[in-house]
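As provided, structure38.txt (compact mmCIF, C-alpha atoms) reads as follows.
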```txt
# COMPACT_ATOMS: atom_id res chain seq x y z
CA MET D 1 0.00 0.00 0.00
CA GLU D 2 1.17 3.47 -0.84
CA ILE D 3 -0.38 6.93 -0.51
CA VAL D 4 0.43 9.28 -3.38
CA GLU D 5 -0.69 12.74 -4.37
CA LEU D 6 -2.40 12.82 -7.76
CA CYS D 7 -0.95 15.79 -9.62
CA SER D 8 -1.32 15.24 -13.35
CA ALA D 9 -4.51 15.33 -15.41
CA THR D 10 -4.00 11.64 -16.25
CA GLU D 11 -3.70 10.66 -12.58
CA ARG D 12 -6.77 12.69 -11.66
CA ARG D 13 -8.78 11.10 -14.49
CA GLU D 14 -7.84 7.73 -13.05
CA ALA D 15 -9.64 8.77 -9.84
CA LEU D 16 -13.01 9.35 -11.55
CA PRO D 17 -14.35 5.77 -11.23
CA ILE D 18 -13.84 5.72 -7.47
CA LEU D 19 -15.30 9.23 -7.13
CA ARG D 20 -18.41 7.98 -8.90
CA GLU D 21 -18.99 5.72 -5.89
CA LEU D 22 -19.51 8.94 -3.92
CA TYR D 23 -20.99 11.11 -6.71
CA ALA D 24 -22.88 8.70 -8.97
CA SER D 25 -23.88 11.27 -11.60
CA LEU D 26 -20.40 12.76 -12.04
CA ASP D 27 -19.42 12.57 -15.71
CA GLU D 28 -15.99 13.14 -17.21
CA ASP D 29 -16.70 16.61 -18.64
CA ARG D 30 -18.21 17.98 -15.43
CA TYR D 31 -15.39 16.44 -13.39
CA ALA D 32 -12.72 18.02 -15.60
CA GLY D 33 -14.44 21.42 -15.54
CA LEU D 34 -14.95 21.50 -11.79
CA LEU D 35 -11.50 20.10 -11.11
CA ALA D 36 -9.86 22.85 -13.16
CA GLU D 37 -11.40 25.48 -10.89
CA MET D 38 -10.89 23.50 -7.68
CA VAL D 39 -7.16 22.96 -8.24
CA VAL D 40 -6.65 26.71 -8.64
CA ASP D 41 -8.36 27.07 -5.24
CA GLY D 42 -5.92 24.64 -3.58
CA TYR D 43 -7.77 21.34 -4.03
CA ARG D 44 -5.49 18.29 -3.82
CA GLN D 45 -6.15 14.58 -4.19
CA PHE D 46 -4.40 11.80 -2.30
CA ALA D 47 -4.86 8.20 -3.38
CA LEU D 48 -4.17 4.96 -1.58
CA ARG D 49 -2.86 2.47 -4.12
CA ASN D 50 -2.80 -1.26 -3.47
CA GLU D 51 -0.04 -3.70 -4.41
CA THR D 52 -1.12 -3.64 -8.08
CA ALA D 53 -1.14 0.22 -8.11
CA GLU D 54 -4.96 0.34 -8.28
CA ILE D 55 -6.60 3.25 -6.43
CA VAL D 56 -8.64 1.75 -3.60
CA ALA D 57 -9.28 4.94 -1.62
CA LEU D 58 -9.17 8.65 -2.35
CA ALA D 59 -9.23 11.88 -0.35
CA GLY D 60 -9.79 15.32 -1.86
CA VAL D 61 -8.79 18.21 0.40
CA ALA D 62 -7.82 21.88 0.45
CA VAL D 63 -6.28 24.23 2.98
CA HIS D 64 -8.33 27.40 3.49
CA VAL D 65 -8.54 30.28 5.93
CA ASN D 66 -11.77 31.72 7.28
CA LEU D 67 -13.05 33.41 10.44
CA TYR D 68 -14.90 30.32 11.69
CA TYR D 69 -12.10 27.72 11.54
CA GLY D 70 -8.98 29.86 11.09
CA ARG D 71 -6.39 28.06 8.93
CA HIS D 72 -7.94 24.67 8.30
CA LEU D 73 -7.95 21.59 6.13
CA TYR D 74 -11.30 20.92 4.52
CA VAL D 75 -11.93 17.32 3.52
CA TYR D 76 -14.20 17.51 0.47
CA ASP D 77 -14.09 13.86 -0.54
CA LEU D 78 -13.20 10.63 1.18
CA VAL D 79 -14.15 7.46 -0.60
CA VAL D 80 -13.06 3.84 -0.35
CA LYS D 81 -13.98 1.37 -3.08
CA GLU D 82 -16.98 -0.63 -2.00
CA ASP D 83 -15.12 -3.95 -2.14
CA ALA D 84 -12.24 -2.51 -0.07
CA ARG D 85 -14.20 -1.00 2.82
CA SER D 86 -13.69 -1.88 6.49
CA LYS D 87 -9.99 -2.57 5.98
CA GLY D 88 -8.68 0.64 7.58
CA TYR D 89 -8.01 2.47 4.29
CA GLY D 90 -10.14 5.47 5.25
CA GLU D 91 -8.20 5.74 8.52
CA LEU D 92 -4.88 5.61 6.65
CA LEU D 93 -5.93 8.40 4.30
CA MET D 94 -7.30 10.53 7.13
CA ASP D 95 -4.03 10.08 9.05
CA HIS D 96 -2.17 11.21 5.95
CA VAL D 97 -4.25 14.30 5.16
CA GLU D 98 -4.35 15.36 8.81
CA GLY D 99 -0.54 15.11 8.78
CA VAL D 100 -0.45 17.32 5.69
CA ALA D 101 -2.68 19.81 7.53
CA ARG D 102 -0.41 19.88 10.58
CA ARG D 103 2.69 20.45 8.40
CA GLU D 104 0.87 23.31 6.67
CA GLY D 105 0.02 25.00 9.96
CA CYS D 106 -3.68 24.19 10.14
CA GLU D 107 -5.52 24.64 13.43
CA THR D 108 -8.50 22.50 12.47
CA ALA D 109 -9.74 19.88 10.05
CA ALA D 110 -13.35 20.12 8.89
CA LEU D 111 -15.74 18.24 6.63
CA ALA D 112 -19.40 17.69 5.84
CA CYS D 113 -20.94 14.24 5.62
CA ASP D 114 -24.32 13.09 4.37
CA LEU D 115 -26.50 11.96 7.25
CA ASP D 116 -27.20 8.59 5.63
CA ARG D 117 -23.50 7.66 5.38
CA GLU D 118 -23.43 5.89 8.72
CA GLY D 119 -20.09 4.16 8.15
CA ALA D 120 -18.39 7.44 7.31
CA LEU D 121 -19.99 9.19 10.29
CA HIS D 122 -18.74 6.40 12.55
CA LEU D 123 -15.22 6.80 11.13
CA TYR D 124 -15.17 10.57 11.63
CA GLU D 125 -16.67 10.51 15.11
CA GLY D 126 -14.19 7.80 16.11
CA ARG D 127 -11.41 10.14 15.02
CA GLY D 128 -12.72 12.94 17.25
CA TYR D 129 -14.71 14.95 14.70
CA GLN D 130 -17.63 16.75 16.30
CA LYS D 131 -20.90 18.13 14.97
CA PRO D 132 -20.85 21.78 16.13
CA SER D 133 -23.29 22.98 13.48
CA TYR D 134 -25.48 22.02 10.56
CA ALA D 135 -24.25 22.21 6.99
CA MET D 136 -27.04 23.76 4.98
CA ARG D 137 -27.61 24.36 1.29
CA LYS D 138 -30.14 25.90 -1.05
CA ALA D 139 -30.47 25.11 -4.75
CA LEU D 140 -30.17 28.27 -6.85
CA ARG D 141 -31.07 26.70 -10.17
```

Could you write out this structure as structure tokens?
Amino acid sequence: MEIVELCSATERREALPILRELYASLDEDRYAGLLAEMVVDGYRQFALRNETAEIVALAGVAVHVNLYYGRHLYVYDLVVKEDARSKGYGELLMDHVEGVARREGCETAALACDLDREGALHLYEGRGYQKPSYAMRKALR
């Protein structure tokens, strides 16, 4: 097992199938368009590759600064392939990205998680993540 940062367009394209496990309707064009803007805003992807170099887990994160969290790491995506879940891969990736955050001077790590993702909620709560507020959204179109 090895954790690597995906930096090239080819590497990031390789991550699309696993991201579809989290975002089922994500197509290649939308992914490429959003990714182009996200990378400019500091978005980074870290992949856990197995012994055959296949991506079995992926984390998408960015370091930001705001008044609420201060300098923080925001975990936008954490996904483990369905057939590779419950093997500790999510924990390994979270350890890695939290280490990146500490090295980059972050005070906090933050994320949002769908309420129906019980396994993910269990993982985050077990790592000490708290629910201090609600994440809310409103469709504008």

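The smallest atom-to-atom distance between D:Asn66 and any of D:Glu91, D:Ala110, D:Gly33, D:Leu78, using only C-alpha atoms, is found for D:Ala110.
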
Minimum-distance residue to D:Ile18, chosen among D:Ala62, D:Arg71, D:Arg30, D:Asp77 (using all atoms listed in the file):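 Under the stated criterion, the closest residue is D:Asp77.
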
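What separates atom CA of D:Ala120 from atom CA of D:Gly90 is a distance of 8.7 Å.
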
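With all atoms listed in the file as the atoms that count, the minimum distance from D:Arg20 to the choices D:Tyr74, D:Lys81, D:Tyr43, D:His64 is reached by D:Lys81.
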
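What separates atom CA of D:Met38 from atom CA of D:Cys113 is a distance of 19.1 Å.
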
Between atom CA of D:Gly60 and atom CA of D:Leu111 - distance in Å to one decimal: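 Those two atoms sit 10.8 Å apart.
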
Selected residue, from D:Asp83, D:Glu37, D:Glu14, D:Glu28, that lies nearest to D:Ile55 when counting only C-alpha atoms: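 Among the listed residues, the smallest separation from D:Ile55 belongs to D:Glu14.
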
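Comparing the minimum interatomic distances between D:Leu67 and each of D:Asn50, D:Val4, D:Gly128, D:Glu107, counting all atoms listed in the file, we find that D:Glu107 sits nearest.
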